[in-house]
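Down below is the structure, laid out as structure tokens.
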Amino acid sequence: VFFDQTLFVATTNLGASIEYETHLTEDEKFRYRMEIIKDKFAPEIINRYDNIFQFQPLTHETYGSIVRKFMKQLSDIAKKRNKFEINSTDALIEFATKHSYDPAMGGRPARRFIEMIILQPLAFKLLDQDVFDKIIANGELLVDYQDEKIIFKLNDAVIASLDNTNDLVADYNKDKCTAPVEEEIAESDLPESEIPPALQLESVKEKDIKNPKSSSRANRRKNDDEASSSPPPQTS
């Protein structure tokens with residue numbers, strides 16, 4: 001295998017949680033992320049890359065286009081397997097964007113949200129032979145969001161709805177592994193001592209940004225210094 005004129009690109013989410021620290025500048029965030037990368041990867045690995053770039057978080061508008069893209073992929077699958085299209089309204093796209101957008105997680109939550117909140121419930125609705133036959137005969141299914149619930153339409157006529165939409169969103173929020181945004185922490189009634197450490201914004205200290213050092217690397221240096229300063233063992 002030859003790699004002449006080949007460009008290798010590797011991505012990582014290391015340090016993504018720093019995005020929640022809105023009081024820091026972009027330069028401070030970048031230096032913090034670089035320290036984490038240096039701590040996690042050996043110098044031999046890092047030196048093999050010519051450059052390290054920092055990508056900006058997805059905007060709400062860009063993320064909405066990703067949601068729309070995944071809904072289009074869902075429609076393509078339905079058209080190929082079952083001969084009907086799945087169209088979605090702007091209200092549904094905005095609903096999915098609003099409840100799954102996370103600037104620290106990129107575009108991955110869009111697929112998980114659509115699968116959990118839209119695809120899985122739709123699959124159960126299609127088990128109803130009468131509903132399935134109507135969709136096949138019509139050749140098109142419209143997915144909309146109205147009155148705080150997802151509804152499925154054929155020619156503007158509702159054939160099924162998800163009355164438990166809010167419960168599905170609540171379950172999704174429980175399952176996703178993300179930290180809360182700063183405003184949610186600030187408005188919490190819990191005293192700081194009762195907030196789980198993983199949810200405390202102070203887990204990233206500002207002093208660590210100004211003079212960034214990895215704690216694990218610092219501990220290794222401390223252990224090495226202690227070992228070198230300790231007297232040699234006595235031999236009889």
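Ordered as shown in the structure tokens, chains take letters A, B, and onward, while each chain numbers its residues from 1 and ligands are numbered from 1 in the order shown.
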
Output as CSV one row per residue of range 45-138 of chain A within 12 Å of range 164-167 of chain A: the closest atom pair and its distance in Å to one decimal place, counting only C-alpha atoms, sorted by chain and residue number ascending.
```
residue,atom,partner,partner_atom,distance
A:Leu92,CA,A:Thr165,CA,11.9
A:Phe95,CA,A:Thr165,CA,10.9
A:Ala96,CA,A:Thr165,CA,11.3
A:His99,CA,A:Asn166,CA,10.5
A:Phe113,CA,A:Thr165,CA,12.0
A:Met116,CA,A:Thr165,CA,10.7
A:Ile117,CA,A:Thr165,CA,7.5
A:Ile118,CA,A:Thr165,CA,9.3
A:Pro121,CA,A:Thr165,CA,9.7
```

Suppose we keep all heavy atoms; can you now write the selection as a short mmCIF file (atom, residue, chain, number, x, y, z; two decimals), in the first residue's frame?
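Result written to part15.cif:
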```cif
data_model
loop_
_atom_site.label_atom_id
_atom_site.label_comp_id
_atom_site.auth_asym_id
_atom_site.auth_seq_id
_atom_site.Cartn_x
_atom_site.Cartn_y
_atom_site.Cartn_z
N LEU A 92 -41.19 20.58 12.65
CA LEU A 92 -40.53 19.37 13.17
C LEU A 92 -39.02 19.54 13.20
O LEU A 92 -38.37 19.16 14.17
CB LEU A 92 -40.90 18.17 12.31
CG LEU A 92 -40.22 16.87 12.76
CD1 LEU A 92 -40.97 16.27 13.93
CD2 LEU A 92 -40.09 15.87 11.63
N PHE A 95 -38.17 21.68 16.11
CA PHE A 95 -38.36 20.91 17.34
C PHE A 95 -37.17 20.00 17.60
O PHE A 95 -36.60 19.98 18.70
CB PHE A 95 -39.65 20.10 17.24
CG PHE A 95 -39.72 18.94 18.18
CD1 PHE A 95 -39.95 19.13 19.53
CD2 PHE A 95 -39.55 17.63 17.71
CE1 PHE A 95 -40.02 18.04 20.41
CE2 PHE A 95 -39.61 16.55 18.57
CZ PHE A 95 -39.85 16.76 19.93
N ALA A 96 -36.75 19.25 16.58
CA ALA A 96 -35.61 18.34 16.74
C ALA A 96 -34.32 19.10 16.99
O ALA A 96 -33.47 18.67 17.78
CB ALA A 96 -35.48 17.45 15.50
N HIS A 99 -34.22 20.55 20.72
CA HIS A 99 -34.08 19.60 21.82
C HIS A 99 -32.84 18.72 21.73
O HIS A 99 -32.54 18.00 22.69
CB HIS A 99 -35.33 18.72 21.91
CG HIS A 99 -36.55 19.45 22.39
ND1 HIS A 99 -36.75 19.77 23.72
CD2 HIS A 99 -37.63 19.95 21.72
CE1 HIS A 99 -37.89 20.41 23.86
NE2 HIS A 99 -38.44 20.54 22.66
N PHE A 113 -31.25 11.55 18.22
CA PHE A 113 -32.56 12.12 18.53
C PHE A 113 -33.61 11.64 17.53
O PHE A 113 -34.71 11.24 17.93
CB PHE A 113 -32.48 13.64 18.52
CG PHE A 113 -33.74 14.32 18.97
CD1 PHE A 113 -33.96 14.59 20.31
CD2 PHE A 113 -34.73 14.69 18.06
CE1 PHE A 113 -35.12 15.21 20.74
CE2 PHE A 113 -35.89 15.31 18.47
CZ PHE A 113 -36.09 15.56 19.82
N MET A 116 -34.46 7.93 18.13
CA MET A 116 -35.18 7.65 19.37
C MET A 116 -36.56 8.29 19.41
O MET A 116 -37.54 7.68 19.86
CB MET A 116 -34.36 8.14 20.57
CG MET A 116 -34.97 7.85 21.91
SD MET A 116 -33.85 8.32 23.27
CE MET A 116 -34.84 7.83 24.69
N ILE A 117 -36.68 9.52 18.90
CA ILE A 117 -37.91 10.29 19.05
C ILE A 117 -38.84 10.12 17.84
O ILE A 117 -40.06 10.23 17.98
CB ILE A 117 -37.60 11.79 19.26
CG1 ILE A 117 -36.58 11.98 20.38
CG2 ILE A 117 -38.86 12.57 19.56
CD1 ILE A 117 -37.06 11.46 21.73
N ILE A 118 -38.28 9.85 16.67
CA ILE A 118 -39.11 9.79 15.46
C ILE A 118 -39.12 8.39 14.84
O ILE A 118 -40.19 7.81 14.60
CB ILE A 118 -38.61 10.81 14.42
CG1 ILE A 118 -38.70 12.23 15.00
CG2 ILE A 118 -39.44 10.71 13.13
CD1 ILE A 118 -38.12 13.30 14.12
N PRO A 121 -40.66 5.29 17.26
CA PRO A 121 -42.13 5.36 17.37
C PRO A 121 -42.84 5.14 16.03
O PRO A 121 -43.90 4.50 15.99
CB PRO A 121 -42.38 6.77 17.91
CG PRO A 121 -41.12 7.14 18.60
CD PRO A 121 -40.04 6.53 17.78
#
```

(message) Residues within 12 Å of Phe53 in chain A, please, as number ranges by chain. Count only C-alpha atoms; anything in the same chain fewer than 6 positions from it doesn't count.
(response) A: 9-12, 30-31, 33-34

If you run DSSP over the backbone, which residues in range 43-180 of chain A end up strand (DSSP E or B)? Put them as a PDB file with N, CA and C atoms, in the first residue's frame.
```
ATOM      1  N   GLU A  85     -42.277   8.067   0.616  1.00  0.00           N
ATOM      2  CA  GLU A  85     -41.377   9.113   1.068  1.00  0.00           C
ATOM      3  C   GLU A  85     -41.810   9.639   2.432  1.00  0.00           C
ATOM      4  N   ILE A  86     -40.844  10.150   3.172  1.00  0.00           N
ATOM      5  CA  ILE A  86     -41.121  10.774   4.464  1.00  0.00           C
ATOM      6  C   ILE A  86     -40.702  12.238   4.373  1.00  0.00           C
ATOM      7  N   ASN A  87     -41.657  13.129   4.423  1.00  0.00           N
ATOM      8  CA  ASN A  87     -41.367  14.561   4.415  1.00  0.00           C
ATOM      9  C   ASN A  87     -41.580  15.131   5.805  1.00  0.00           C
ATOM     10  N   SER A  88     -40.866  16.182   6.112  1.00  0.00           N
ATOM     11  CA  SER A  88     -40.964  16.793   7.439  1.00  0.00           C
ATOM     12  C   SER A  88     -41.180  18.288   7.312  1.00  0.00           C
ATOM     13  N   GLU A 140     -46.638   8.856   0.376  1.00  0.00           N
ATOM     14  CA  GLU A 140     -45.957   9.962   1.067  1.00  0.00           C
ATOM     15  C   GLU A 140     -46.486  10.091   2.483  1.00  0.00           C
ATOM     16  N   LEU A 141     -45.574  10.279   3.440  1.00  0.00           N
ATOM     17  CA  LEU A 141     -45.936  10.490   4.838  1.00  0.00           C
ATOM     18  C   LEU A 141     -45.335  11.811   5.291  1.00  0.00           C
ATOM     19  N   LEU A 142     -46.147  12.651   5.908  1.00  0.00           N
ATOM     20  CA  LEU A 142     -45.679  13.937   6.417  1.00  0.00           C
ATOM     21  C   LEU A 142     -45.550  13.865   7.936  1.00  0.00           C
ATOM     22  N   VAL A 143     -44.372  14.224   8.446  1.00  0.00           N
ATOM     23  CA  VAL A 143     -44.132  14.241   9.887  1.00  0.00           C
ATOM     24  C   VAL A 143     -44.122  15.699  10.339  1.00  0.00           C
ATOM     25  N   ASP A 144     -44.965  16.022  11.294  1.00  0.00           N
ATOM     26  CA  ASP A 144     -45.130  17.408  11.738  1.00  0.00           C
ATOM     27  C   ASP A 144     -45.048  17.461  13.259  1.00  0.00           C
ATOM     28  N   TYR A 145     -44.914  18.681  13.777  1.00  0.00           N
ATOM     29  CA  TYR A 145     -44.917  18.894  15.232  1.00  0.00           C
ATOM     30  C   TYR A 145     -45.904  20.008  15.537  1.00  0.00           C
ATOM     31  N   GLN A 146     -46.962  19.636  16.263  1.00  0.00           N
ATOM     32  CA  GLN A 146     -47.996  20.589  16.639  1.00  0.00           C
ATOM     33  C   GLN A 146     -48.486  20.282  18.037  1.00  0.00           C
ATOM     34  N   LYS A 149     -46.596  17.784  20.301  1.00  0.00           N
ATOM     35  CA  LYS A 149     -46.534  16.358  19.992  1.00  0.00           C
ATOM     36  C   LYS A 149     -46.251  16.150  18.503  1.00  0.00           C
ATOM     37  N   ILE A 150     -45.605  15.039  18.212  1.00  0.00           N
ATOM     38  CA  ILE A 150     -45.301  14.666  16.836  1.00  0.00           C
ATOM     39  C   ILE A 150     -46.525  13.996  16.229  1.00  0.00           C
ATOM     40  N   ILE A 151     -46.859  14.417  15.024  1.00  0.00           N
ATOM     41  CA  ILE A 151     -48.019  13.830  14.356  1.00  0.00           C
ATOM     42  C   ILE A 151     -47.619  13.377  12.950  1.00  0.00           C
ATOM     43  N   PHE A 152     -48.293  12.332  12.465  1.00  0.00           N
ATOM     44  CA  PHE A 152     -48.059  11.787  11.130  1.00  0.00           C
ATOM     45  C   PHE A 152     -49.302  12.041  10.294  1.00  0.00           C
ATOM     46  N   LYS A 153     -49.087  12.596   9.089  1.00  0.00           N
ATOM     47  CA  LYS A 153     -50.206  13.003   8.257  1.00  0.00           C
ATOM     48  C   LYS A 153     -50.150  12.371   6.879  1.00  0.00           C
ATOM     49  N   LEU A 154     -51.341  12.173   6.313  1.00  0.00           N
ATOM     50  CA  LEU A 154     -51.513  11.798   4.910  1.00  0.00           C
ATOM     51  C   LEU A 154     -52.472  12.809   4.294  1.00  0.00           C
ATOM     52  N   ALA A 157     -54.376  14.938   6.615  1.00  0.00           N
ATOM     53  CA  ALA A 157     -55.219  14.208   7.567  1.00  0.00           C
ATOM     54  C   ALA A 157     -54.320  13.440   8.530  1.00  0.00           C
ATOM     55  N   VAL A 158     -54.543  13.628   9.823  1.00  0.00           N
ATOM     56  CA  VAL A 158     -53.730  12.965  10.843  1.00  0.00           C
ATOM     57  C   VAL A 158     -54.118  11.495  10.923  1.00  0.00           C
ATOM     58  N   ILE A 159     -53.134  10.618  10.762  1.00  0.00           N
ATOM     59  CA  ILE A 159     -53.411   9.181  10.878  1.00  0.00           C
ATOM     60  C   ILE A 159     -52.835   8.602  12.174  1.00  0.00           C
ATOM     61  N   ALA A 160     -51.893   9.302  12.796  1.00  0.00           N
ATOM     62  CA  ALA A 160     -51.312   8.839  14.053  1.00  0.00           C
ATOM     63  C   ALA A 160     -50.597  10.006  14.708  1.00  0.00           C
ATOM     64  N   SER A 161     -50.487   9.941  16.016  1.00  0.00           N
ATOM     65  CA  SER A 161     -49.782  10.991  16.756  1.00  0.00           C
ATOM     66  C   SER A 161     -49.086  10.370  17.965  1.00  0.00           C
ATOM     67  N   LEU A 162     -48.065  11.068  18.446  1.00  0.00           N
ATOM     68  CA  LEU A 162     -47.315  10.618  19.621  1.00  0.00           C
ATOM     69  C   LEU A 162     -47.682  11.515  20.792  1.00  0.00           C
TER      70      LEU A 162
END
```

(request) Pick out the closest residue to Lys40 in chain A from this set: A:Asn82, A:Asn13, A:Ser65, A:Thr59. Count only C-alpha atoms. (result)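 Nearest to Lys40 in chain A: A:Asn13.
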
(message) Let me make sure I understand: among A:Phe55, A:Phe2, A:Tyr63, A:Phe8, which one has the smallest atom-to-atom distance to Asp102 in chain A if we use only C-alpha atoms?
(response)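 Going through A:Phe55, A:Phe2, A:Tyr63, A:Phe8 one by one, the smallest distance to Asp102 in chain A is for A:Tyr63.
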
(message) Just list as a ChimeraX atom specification whatever in range 79-144 of chain A DSSP marks as helix (DSSP H, G or I).
(response) /A:79-82,90-100,108-126,129-138

Could the residues of range 66-124 of chain A that have an atom at most 12 Å from range 129-139 of chain A be listed as a Markdown table, each with its closest atom pair and the distance in Å to one decimal, counting only C-alpha atoms and ordered by chain and ascending residue number?
```
| residue | atom | partner | partner_atom | distance |
| --- | --- | --- | --- | --- |
| A:Ser75 | CA | A:Gly139 | CA | 11.3 |
| A:Ala78 | CA | A:Gly139 | CA | 10.1 |
| A:Lys79 | CA | A:Gly139 | CA | 8.6 |
| A:Lys80 | CA | A:Gly139 | CA | 11.8 |
| A:Arg81 | CA | A:Ile136 | CA | 11.1 |
| A:Asn82 | CA | A:Ile136 | CA | 7.3 |
| A:Lys83 | CA | A:Gly139 | CA | 6.7 |
| A:Phe84 | CA | A:Gly139 | CA | 4.3 |
| A:Glu85 | CA | A:Gly139 | CA | 6.3 |
| A:Ile86 | CA | A:Gly139 | CA | 8.9 |
| A:Asn87 | CA | A:Gly139 | CA | 10.8 |
| A:Leu122 | CA | A:Phe132 | CA | 10.3 |
| A:Ala123 | CA | A:Phe132 | CA | 9.9 |
| A:Phe124 | CA | A:Phe132 | CA | 10.3 |
```
